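Structure file model_0.txt (compact mmCIF, C-alpha atoms) is printed below.
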```
# COMPACT_ATOMS: atom_id res chain seq x y z
CA MET A 7 0.00 0.00 0.00
CA LYS A 8 1.23 3.49 -0.83
CA THR A 9 1.85 5.83 2.07
CA LEU A 10 1.94 9.59 2.45
CA GLN A 11 4.75 11.31 4.33
CA VAL A 12 2.92 13.92 6.38
CA ARG A 13 4.60 16.64 8.43
CA VAL A 14 2.25 18.19 10.97
CA TRP A 15 2.98 21.28 13.04
CA ARG A 16 2.63 20.50 16.74
CA GLY A 17 2.89 23.05 19.49
CA GLY A 18 1.20 25.99 21.14
CA PRO A 19 1.44 29.75 21.65
CA GLN A 20 5.05 29.44 22.83
CA GLY A 21 6.17 27.68 19.66
CA GLY A 22 6.46 24.22 18.22
CA ASP A 23 7.82 22.14 15.39
CA PHE A 24 6.81 19.72 12.66
CA GLN A 25 6.42 16.03 13.41
CA SER A 26 6.32 13.34 10.75
CA TYR A 27 3.68 10.66 10.28
CA GLN A 28 3.07 7.99 7.69
CA VAL A 29 -0.51 7.78 6.50
CA PRO A 30 -1.95 5.13 4.14
CA ARG A 31 -2.87 6.59 0.76
CA GLN A 32 -6.50 6.09 -0.22
CA ALA A 33 -8.51 6.84 -3.34
CA SER A 34 -10.42 10.17 -3.23
CA GLN A 35 -8.69 11.03 0.04
CA SER A 36 -9.14 14.58 1.34
CA VAL A 37 -6.53 16.36 3.42
CA LEU A 38 -9.05 16.36 6.27
CA ASP A 39 -9.18 12.55 5.98
CA VAL A 40 -5.42 12.53 6.44
CA VAL A 41 -5.57 14.71 9.57
CA THR A 42 -8.41 12.62 10.98
CA TYR A 43 -6.45 9.40 10.39
CA ILE A 44 -3.46 10.83 12.25
CA GLN A 45 -5.62 11.92 15.18
CA ARG A 46 -7.61 8.69 15.42
CA VAL A 47 -4.86 6.17 14.78
CA LEU A 48 -1.42 7.69 15.30
CA GLU A 49 -1.61 10.73 17.56
CA PRO A 50 -4.75 10.99 19.73
CA SER A 51 -3.55 14.24 21.31
CA LEU A 52 -3.46 16.10 17.95
CA ALA A 53 -5.72 19.17 18.07
CA TYR A 54 -7.53 20.28 14.92
CA ARG A 55 -10.90 21.79 14.08
CA PHE A 56 -13.62 20.68 11.70
CA ALA A 57 -17.39 20.40 11.63
CA CYS A 58 -19.37 19.86 8.43
CA ARG A 59 -16.76 18.11 6.20
CA VAL A 60 -18.55 19.37 3.07
CA GLY A 61 -17.33 22.95 2.60
CA MET A 62 -20.17 24.72 4.36
CA CYS A 63 -18.85 25.68 7.79
CA GLY A 64 -15.33 26.93 7.02
CA SER A 65 -13.84 25.60 10.25
CA CYS A 66 -11.24 23.15 8.83
CA ALA A 67 -9.03 25.72 7.08
CA MET A 68 -5.30 25.06 7.54
CA THR A 69 -2.05 25.73 5.76
CA VAL A 70 -1.48 22.85 3.34
CA ASN A 71 1.96 22.75 1.71
CA GLY A 72 2.31 26.47 2.45
CA VAL A 73 -1.10 27.55 1.14
CA ALA A 74 -4.23 28.26 3.18
CA ARG A 75 -7.05 25.91 2.16
CA TRP A 76 -10.16 24.15 3.36
CA THR A 77 -8.85 20.69 4.14
CA CYS A 78 -12.26 19.04 3.62
CA ARG A 79 -12.52 20.21 0.01
CA THR A 80 -8.88 19.66 -0.87
CA HIS A 81 -8.11 16.25 -2.28
CA VAL A 82 -4.64 14.90 -1.65
CA ASP A 83 -4.32 14.50 -5.44
CA GLN A 84 -4.62 18.28 -5.90
CA VAL A 85 -1.74 19.24 -3.61
CA CYS A 86 0.53 16.27 -3.27
CA ALA A 87 2.32 15.09 -6.40
CA ASP A 88 5.36 13.66 -4.59
CA GLY A 89 3.65 11.86 -1.68
CA ARG A 90 4.52 14.59 0.84
CA LEU A 91 2.17 16.83 2.76
CA GLU A 92 2.96 19.60 5.20
CA LEU A 93 0.16 20.78 7.46
CA ALA A 94 0.31 23.86 9.66
CA PRO A 95 -2.19 26.14 11.38
CA LEU A 96 -3.50 29.17 9.48
CA ALA A 97 -0.98 32.00 9.31
CA ASN A 98 -1.66 35.49 10.75
CA LEU A 99 -3.69 34.06 13.65
CA PRO A 100 -2.48 33.09 17.14
CA VAL A 101 -2.13 29.33 17.65
CA ILE A 102 -4.08 27.73 20.46
CA ARG A 103 -2.65 24.25 19.97
CA ASP A 104 -1.35 22.25 16.99
CA LEU A 105 -3.59 23.04 14.00
CA VAL A 106 -6.13 25.11 15.92
CA THR A 107 -5.95 28.90 15.74
CA ASP A 108 -7.65 31.55 17.84
CA MET A 109 -10.19 33.24 15.52
CA ARG A 110 -11.26 35.96 17.98
CA GLU A 111 -9.25 38.77 16.42
CA PHE A 112 -10.51 37.78 12.96
CA PHE A 113 -14.16 38.08 14.05
CA ASP A 114 -13.55 41.12 16.27
CA LYS A 115 -12.41 42.86 13.10
CA TRP A 116 -15.75 42.09 11.45
CA ALA A 117 -17.36 43.93 14.37
CA ARG A 118 -14.87 46.81 14.02
CA ALA A 119 -15.76 47.05 10.32
CA LYS A 120 -19.42 47.32 11.40
CA GLY A 121 -20.22 43.99 9.82
CA ARG A 122 -23.65 43.79 11.41
CA PHE A 123 -26.72 44.53 9.30
CA GLU A 124 -28.65 47.55 10.57
CA GLY A 125 -31.85 47.93 8.63
CA ARG A 126 -34.14 50.91 8.66
CA ARG A 127 -37.49 49.11 8.66
CA THR A 128 -39.30 47.46 11.54
CA ARG A 129 -41.36 44.30 11.51
CA ARG A 130 -44.46 46.45 11.02
CA ASP A 131 -43.16 47.79 7.70
CA ASP A 132 -43.55 46.09 4.36
CA PHE A 133 -40.62 44.28 2.75
CA GLU A 134 -38.10 46.37 0.86
CA ARG A 135 -38.23 45.65 -2.86
CA VAL A 136 -34.72 44.92 -4.13
CA ALA A 137 -34.40 44.39 -7.87
CA PRO A 138 -32.15 41.33 -8.41
CA ASP A 139 -30.69 42.84 -11.57
CA SER A 140 -29.85 46.22 -10.03
CA GLU A 141 -26.13 47.08 -10.07
CA ALA A 142 -25.91 47.33 -6.28
CA ARG A 143 -27.61 43.97 -5.73
CA LYS A 144 -25.36 42.26 -8.30
CA GLN A 145 -22.33 43.59 -6.43
CA VAL A 146 -23.73 42.24 -3.15
CA ASP A 147 -24.47 38.85 -4.73
CA ALA A 148 -20.88 38.56 -5.92
CA ALA A 149 -19.55 38.99 -2.39
CA ILE A 150 -22.22 37.71 -0.01
CA GLU A 151 -21.35 34.00 0.15
CA CYS A 152 -18.42 34.40 2.56
CA ILE A 153 -18.57 31.85 5.39
CA GLY A 154 -15.76 33.35 7.48
CA CYS A 155 -13.20 30.55 7.13
CA GLY A 156 -10.19 32.87 7.46
CA VAL A 157 -8.36 31.61 4.33
CA CYS A 158 -8.17 35.14 2.87
CA TYR A 159 -7.03 36.65 6.18
CA SER A 160 -4.33 34.01 6.52
CA SER A 161 -3.15 34.61 2.94
CA CYS A 162 -2.97 38.41 3.18
CA ASP A 163 0.49 40.03 3.25
CA VAL A 164 -0.91 43.29 4.60
CA VAL A 165 -2.37 41.52 7.65
CA ALA A 166 1.11 40.06 8.25
CA TRP A 167 2.70 43.55 8.12
CA ASN A 168 0.01 45.51 9.91
CA PRO A 169 -1.78 43.60 12.67
CA ASP A 170 -4.41 46.36 12.93
CA TYR A 171 -5.48 45.88 9.29
CA LEU A 172 -9.10 44.74 9.22
CA GLY A 173 -8.38 42.16 6.54
CA PRO A 174 -10.15 41.01 3.37
CA ALA A 175 -13.09 39.19 4.97
CA ALA A 176 -14.20 42.03 7.26
CA LEU A 177 -13.82 44.57 4.45
CA ASN A 178 -15.70 42.33 2.04
CA ARG A 179 -18.51 42.13 4.60
CA ALA A 180 -18.55 45.92 4.95
CA TRP A 181 -18.73 46.20 1.15
CA THR A 182 -21.81 43.96 0.97
CA LEU A 183 -23.53 46.15 3.57
CA LEU A 184 -22.43 49.36 1.89
CA ARG A 185 -24.16 48.24 -1.31
CA ASP A 186 -27.26 46.98 0.52
CA VAL A 187 -30.11 49.43 -0.11
CA ARG A 188 -31.82 48.40 3.16
CA GLU A 189 -28.85 49.54 5.25
CA SER A 190 -28.99 52.56 7.56
CA ALA A 191 -25.49 52.63 9.10
CA ASN A 192 -23.37 53.32 6.05
CA PRO A 193 -21.77 56.73 6.67
CA GLY A 194 -20.41 55.40 9.98
CA ARG A 195 -19.41 52.12 8.35
CA LEU A 196 -17.40 53.92 5.69
CA ARG A 197 -15.58 55.86 8.41
CA ALA A 198 -14.85 52.58 10.20
CA VAL A 199 -13.31 50.92 7.14
CA ALA A 200 -11.36 53.86 5.65
CA GLY A 201 -7.80 54.63 6.64
CA ASP A 202 -4.50 53.04 7.52
CA ALA A 203 -6.05 49.95 9.15
CA GLY A 204 -8.85 49.71 6.61
CA CYS A 205 -9.37 49.56 2.87
CA HIS A 206 -6.61 52.07 2.08
CA ALA A 207 -3.97 49.67 3.39
CA CYS A 208 -4.78 47.06 0.70
CA HIS A 209 -1.97 46.60 -1.86
CA THR A 210 -4.13 44.72 -4.35
CA HIS A 211 -1.84 41.67 -4.19
CA LEU A 212 -4.97 39.57 -4.88
CA SER A 213 -3.89 36.64 -2.64
CA CYS A 214 -7.32 36.72 -0.98
CA THR A 215 -9.04 36.58 -4.36
CA GLU A 216 -6.80 33.80 -5.62
CA ARG A 217 -7.31 31.61 -2.55
CA CYS A 218 -10.92 32.26 -1.55
CA PRO A 219 -12.59 28.82 -1.68
CA LYS A 220 -15.92 30.54 -2.45
CA HIS A 221 -14.39 32.36 -5.45
CA ILE A 222 -15.21 35.74 -3.97
CA SER A 223 -12.99 38.70 -4.82
CA PRO A 224 -12.49 40.70 -1.61
CA THR A 225 -10.02 42.79 -3.63
CA ALA A 226 -12.87 44.03 -5.82
CA GLY A 227 -14.94 44.91 -2.76
CA ILE A 228 -12.00 46.72 -1.15
CA ALA A 229 -11.47 48.71 -4.37
CA GLY A 230 -15.18 49.62 -4.21
CA LEU A 231 -14.74 50.79 -0.61
CA LYS A 232 -11.79 52.98 -1.65
CA ARG A 233 -13.85 54.58 -4.41
CA ALA A 234 -16.83 55.08 -2.10
CA ALA A 235 -14.60 56.60 0.61
CA ALA A 236 -12.99 58.98 -1.89
CA ALA A 237 -16.39 60.07 -3.21
CA ALA A 238 -17.71 60.61 0.32
CA ALA A 239 -14.57 62.54 1.35
CA LEU A 240 -14.84 64.82 -1.68
CA LYS A 241 -18.46 65.53 -0.81
CA GLY A 242 -17.51 66.21 2.81
CA GLU A 243 -19.55 63.25 4.06
CA LEU A 244 -16.72 61.22 5.55
CA MET B 24 -11.02 63.21 10.27
CA SER B 25 -8.33 60.58 9.79
CA ALA B 26 -10.60 58.52 7.54
CA ARG B 27 -11.31 61.60 5.45
CA ARG B 28 -7.61 62.48 5.18
CA GLU B 29 -6.71 58.94 4.14
CA ALA B 30 -9.48 58.86 1.53
CA LEU B 31 -8.40 62.22 0.08
CA LEU B 32 -4.74 61.18 0.02
CA TRP B 33 -5.76 58.00 -1.82
CA ALA B 34 -7.71 60.03 -4.36
CA ALA B 35 -4.77 62.42 -4.79
CA GLN B 36 -2.38 59.52 -5.34
CA ARG B 37 -4.67 57.92 -7.91
CA ALA B 38 -5.15 61.18 -9.79
CA SER B 39 -1.41 61.96 -9.74
CA ALA B 40 -0.64 58.40 -10.93
CA ALA B 41 -2.90 58.91 -13.95
CA LEU B 42 -1.08 62.16 -14.75
CA LEU B 43 2.31 60.52 -14.25
CA ALA B 44 1.46 57.70 -16.64
CA LEU B 45 0.87 60.25 -19.37
CA CYS B 46 3.77 62.54 -18.41
CA VAL B 47 6.33 59.72 -18.23
CA MET B 48 5.36 58.52 -21.71
CA VAL B 49 5.69 62.01 -23.20
CA HIS B 50 8.96 62.55 -21.33
CA LEU B 51 10.45 59.24 -22.55
CA ALA B 52 9.34 59.89 -26.11
CA THR B 53 10.97 63.35 -25.93
CA MET B 54 14.22 61.90 -24.56
CA ILE B 55 14.34 59.19 -27.22
CA TYR B 56 13.65 61.76 -29.93
CA ALA B 57 16.39 64.07 -28.60
CA VAL B 58 18.98 61.28 -28.46
CA HIS B 59 18.06 59.81 -31.84
CA SER B 60 18.11 63.23 -33.48
CA GLY B 61 21.57 63.86 -32.07
CA LEU B 62 20.54 67.10 -30.38
CA GLY B 63 23.25 68.75 -28.31
CA ALA B 64 22.82 70.91 -25.19
CA ALA B 65 22.71 74.13 -27.19
CA GLN B 66 20.01 72.83 -29.53
CA ILE B 67 17.92 71.55 -26.62
CA LEU B 68 18.18 74.88 -24.79
CA GLU B 69 17.21 76.61 -28.00
CA ARG B 70 13.93 74.66 -27.96
CA THR B 71 13.16 74.95 -24.23
CA ARG B 72 14.07 78.59 -23.49
CA GLY B 73 10.97 80.75 -23.38
CA ASN B 74 8.79 77.82 -24.48
CA ALA B 75 5.57 78.16 -22.43
CA ALA B 76 4.18 74.78 -23.57
CA TRP B 77 7.33 73.05 -22.38
CA LEU B 78 7.20 74.94 -19.08
CA GLY B 79 3.53 74.05 -18.60
CA PHE B 80 4.03 70.35 -19.36
CA TYR B 81 6.97 69.90 -16.98
CA SER B 82 5.24 71.95 -14.28
CA VAL B 83 2.31 69.51 -14.40
CA PHE B 84 4.79 66.61 -14.37
CA LEU B 85 6.54 68.08 -11.33
CA LEU B 86 3.25 68.68 -9.51
CA ALA B 87 2.25 65.05 -10.07
CA VAL B 88 5.61 63.87 -8.68
CA VAL B 89 5.37 66.17 -5.65
CA VAL B 90 1.90 64.82 -4.83
CA HIS B 91 2.51 61.15 -5.69
CA VAL B 92 5.91 60.34 -4.20
CA PRO B 93 5.40 61.50 -0.59
CA ILE B 94 2.03 59.69 -0.34
CA GLY B 95 3.66 56.48 -1.52
CA LEU B 96 6.59 56.95 0.88
CA ARG B 97 4.07 57.52 3.67
CA ALA B 98 2.78 53.98 3.21
CA VAL B 99 6.31 52.57 2.89
CA LEU B 100 7.37 54.22 6.18
CA ALA B 101 4.25 52.92 7.94
CA GLU B 102 4.58 49.37 6.66
CA TRP B 103 8.33 48.87 6.76
CA LEU B 104 9.35 50.98 9.75
CA GLY B 105 6.06 51.19 11.63
CA TRP B 106 6.42 54.98 11.52
CA ARG B 107 3.05 56.70 11.67
CA GLY B 108 1.75 59.99 13.03
CA ALA B 109 2.54 63.68 12.77
CA SER B 110 6.37 63.41 12.81
CA ARG B 111 6.28 61.22 9.68
CA ASP B 112 3.84 63.53 7.93
CA TRP B 113 5.91 66.64 8.69
CA LEU B 114 9.02 64.96 7.35
CA LEU B 115 7.17 64.02 4.18
CA ALA B 116 5.81 67.55 3.81
CA ALA B 117 9.43 68.77 3.98
CA PHE B 118 10.42 66.10 1.46
CA ALA B 119 7.62 67.23 -0.87
CA ALA B 120 8.82 70.84 -0.55
CA ALA B 121 12.39 69.74 -1.35
CA LEU B 122 11.18 67.83 -4.43
CA ALA B 123 9.19 70.88 -5.56
CA TRP B 124 12.18 73.19 -5.08
CA LEU B 125 14.66 70.91 -6.86
CA GLY B 126 12.20 70.23 -9.69
CA ALA B 127 11.35 73.90 -10.11
CA ARG B 128 15.08 74.75 -10.27
CA ALA B 129 15.57 72.16 -12.99
CA ILE B 130 12.61 73.40 -15.02
CA LEU B 131 13.47 77.08 -14.69
CA GLY B 132 17.14 76.32 -15.37
CA VAL B 133 16.34 75.38 -18.96
CA PHE B 134 13.39 77.77 -19.43
CA LEU B 135 14.98 81.07 -18.45
```

Would you mind writing the file's structure down as structure tokens?
Amino acid sequence: MKTLQVRVWRGGPQGGDFQSYQVPRQASQSVLDVVTYIQRVLEPSLAYRFACRVGMCGSCAMTVNGVARWTCRTHVDQVCADGRLELAPLANLPVIRDLVTDMREFFDKWARAKGRFEGRRTRRDDFERVAPDSEARKQVDAAIECIGCGVCYSSCDVVAWNPDYLGPAALNRAWTLLRDVRESANPGRLRAVAGDAGCHACHTHLSCTERCPKHISPTAGIAGLKRAAAAAALKGEL
Amino acid sequence: MSARREALLWAAQRASAALLALCVMVHLATMIYAVHSGLGAAQILERTRGNAAWLGFYSVFLLAVVVHVPIGLRAVLAEWLGWRGASRDWLLAAFAAALAWLGARAILGVFL
């Protein structure tokens, strides 16, 4: 039987190192299958995180051979031509233990970017009519499917340089709300996402866009935020 | 206020970049023409002295440089050295003034 040579990062907040394991190669084997095999058969103390196993929850993202990915939707065939795998926790996030990162800062930044919907209508009002083919709605549709896995945040060079940077996911969320005609909190939201820690820090490297498993382009949303902020500033509304 | 300043600086850098793209192309084409035509210093000065169009073009070029370069350096200083705040911005304002002075000297040197 063929085997995979798998190096897995083990450690905690104080540091750690890679340990090697040999895992039997299977047909249609996902990287998450590999991690699960190691934890169930070889190393019961290995910490990792997963939930749905079908690309819906976003909790199994890890660094696979140097690239942030969902491990459940990554087949070994896609990333492992030479029988070697290297698994590490997501970059740009503090490690709790082994392959598990602390996502608090990532989600706190969504809150800082005012990522919460604040509608104007109450339950006594009628529904807002939103034309599906309107330009604003099409822009929202292109960006709305984010499930908060952290792959973009982990892949972003600007997050690595500037820990205060809100990151692609939080800015993408702000963009969807900025283009939502039902929203009431947008002038404040634009103030929250403009500046050195916000959309203006983006270098348009496109790593987030390249690696987003949902094929969203946070870069496009961030560019939209920059244009909206410039327009608001010129009108004296920022 | 900070968000507004950042947004306006971004807009200024974008606008100056668009100008620079045009100015650099015209500048390069002029340089290539001058070299290929074998123009000497005296012949170049003959064309630039008292030429208002030439003065206007290079003044716009200089203005774009003076706006664009310090804003870009501002981001470099923040990202590479972690230098933010008023001290950085004052230094860059001085740098912009130095660029403007040196550039104006160069332009006027061949215009007057």

May I have the residues of chain A within 10 Å of chain B, counting all atoms listed in the file, written as a VMD selection string?
chain A and resid 164 167 to 168 196 to 207 231 to 240 242 to 244

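Take the candidates A:Ala142, A:Cys155, A:Met109, A:Ala87 and check each one against Arg185 of chain A using only C-alpha atoms; the shortest distance goes to A:Ala142.
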
Check your understanding: Which residues, protein or nucleic acid, reach to within 12 Å of (-9.5, 34.4, 14.3) in the file's coordinates when using all atoms listed in the file, and can you give that as a PyMOL selection string?
Key -> chain A and resi 64-65+67+95-102+106-116+154-160+172-173+175-176

Could the residues in this selection be written to a file with C-alpha atoms, as a PDB file, keeping the file's coordinate frame?
```pdb
ATOM      1  CA  GLY A  64     -15.330  26.930   7.020  1.00  0.00           C
ATOM      2  CA  SER A  65     -13.840  25.600  10.250  1.00  0.00           C
ATOM      3  CA  ALA A  67      -9.030  25.720   7.080  1.00  0.00           C
ATOM      4  CA  PRO A  95      -2.190  26.140  11.380  1.00  0.00           C
ATOM      5  CA  LEU A  96      -3.500  29.170   9.480  1.00  0.00           C
ATOM      6  CA  ALA A  97      -0.980  32.000   9.310  1.00  0.00           C
ATOM      7  CA  ASN A  98      -1.660  35.490  10.750  1.00  0.00           C
ATOM      8  CA  LEU A  99      -3.690  34.060  13.650  1.00  0.00           C
ATOM      9  CA  PRO A 100      -2.480  33.090  17.140  1.00  0.00           C
ATOM     10  CA  VAL A 101      -2.130  29.330  17.650  1.00  0.00           C
ATOM     11  CA  ILE A 102      -4.080  27.730  20.460  1.00  0.00           C
ATOM     12  CA  VAL A 106      -6.130  25.110  15.920  1.00  0.00           C
ATOM     13  CA  THR A 107      -5.950  28.900  15.740  1.00  0.00           C
ATOM     14  CA  ASP A 108      -7.650  31.550  17.840  1.00  0.00           C
ATOM     15  CA  MET A 109     -10.190  33.240  15.520  1.00  0.00           C
ATOM     16  CA  ARG A 110     -11.260  35.960  17.980  1.00  0.00           C
ATOM     17  CA  GLU A 111      -9.250  38.770  16.420  1.00  0.00           C
ATOM     18  CA  PHE A 112     -10.510  37.780  12.960  1.00  0.00           C
ATOM     19  CA  PHE A 113     -14.160  38.080  14.050  1.00  0.00           C
ATOM     20  CA  ASP A 114     -13.550  41.120  16.270  1.00  0.00           C
ATOM     21  CA  LYS A 115     -12.410  42.860  13.100  1.00  0.00           C
ATOM     22  CA  TRP A 116     -15.750  42.090  11.450  1.00  0.00           C
ATOM     23  CA  GLY A 154     -15.760  33.350   7.480  1.00  0.00           C
ATOM     24  CA  CYS A 155     -13.200  30.550   7.130  1.00  0.00           C
ATOM     25  CA  GLY A 156     -10.190  32.870   7.460  1.00  0.00           C
ATOM     26  CA  VAL A 157      -8.360  31.610   4.330  1.00  0.00           C
ATOM     27  CA  CYS A 158      -8.170  35.140   2.870  1.00  0.00           C
ATOM     28  CA  TYR A 159      -7.030  36.650   6.180  1.00  0.00           C
ATOM     29  CA  SER A 160      -4.330  34.010   6.520  1.00  0.00           C
ATOM     30  CA  LEU A 172      -9.100  44.740   9.220  1.00  0.00           C
ATOM     31  CA  GLY A 173      -8.380  42.160   6.540  1.00  0.00           C
ATOM     32  CA  ALA A 175     -13.090  39.190   4.970  1.00  0.00           C
ATOM     33  CA  ALA A 176     -14.200  42.030   7.260  1.00  0.00           C
TER      34      ALA A 176
END
```

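Going from atom CA of Val99 of chain B to atom CA of Phe118 of chain B covers 14.2 Å.
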
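For Thr225 of chain A, the list of residues within 9 Å, based on all atoms listed in the file and with local chain neighbours fewer than 4 positions off taken out, reads Pro174, Asn178, Cys208, Thr210, His211, Leu212, Ser213, Cys214, Thr215, Ala229 and Gly230 of chain A.
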
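Remark: for Ala129 of chain B, the closest of the candidate residues B:Leu42, B:Val49, B:Ala65, B:Leu78 is B:Leu78 (distances computed over all atoms listed in the file).
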
Axis-aligned box for all listed atoms of segment 46-57 of chain A, 4 Å per side, centre and edges in Å to one decimal, as JSON:
```
{"center_x": -9.4, "center_y": 14.0, "center_z": 16.5, "size_x": 24.0, "size_y": 23.6, "size_z": 17.7}
```

Requested in this report: With a distance cut-off of 10 Å and all atoms listed in the file, select the neighbouring residues of Leu184 of chain A, excluding the residue or stretch itself and same-chain residues fewer than 2 positions from it, and output the selection as a PyMOL selection string.
Outcome: chain A and resi 121+123+142+146+178-182+186-193+195-196+227+230-231+234

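Between atom CA of Arg217 of chain A and atom CA of Cys63 of chain A there is a distance of 16.6 Å.
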
Computed gap from atom CA of Cys162 of chain A to atom CA of Val40 of chain A is 26.2 Å

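Closest to Met54 of chain B among B:Leu104, B:Ile67, B:Leu135, B:Ala119 is B:Ile67, based on only C-alpha atoms.
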
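Shortest separation to Ser39 of chain B among B:Val89, B:Leu51, B:Leu62, B:Ala57 occurs at residue B:Val89, atoms counted being only C-alpha atoms.
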
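By all atoms listed in the file, and with residues fewer than 5 positions from Leu131 of chain B along its chain excluded, the set lying at most 10 Å from it is B:Thr71, B:Arg72, B:Gly73, B:Leu78, B:Tyr81, B:Ser82, B:Gly126.
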
Using all atoms listed in the file, the shortest atom-to-atom distance to Ala116 of chain B among B:His50, B:His91, B:Arg37, B:Arg70 belongs to B:His91
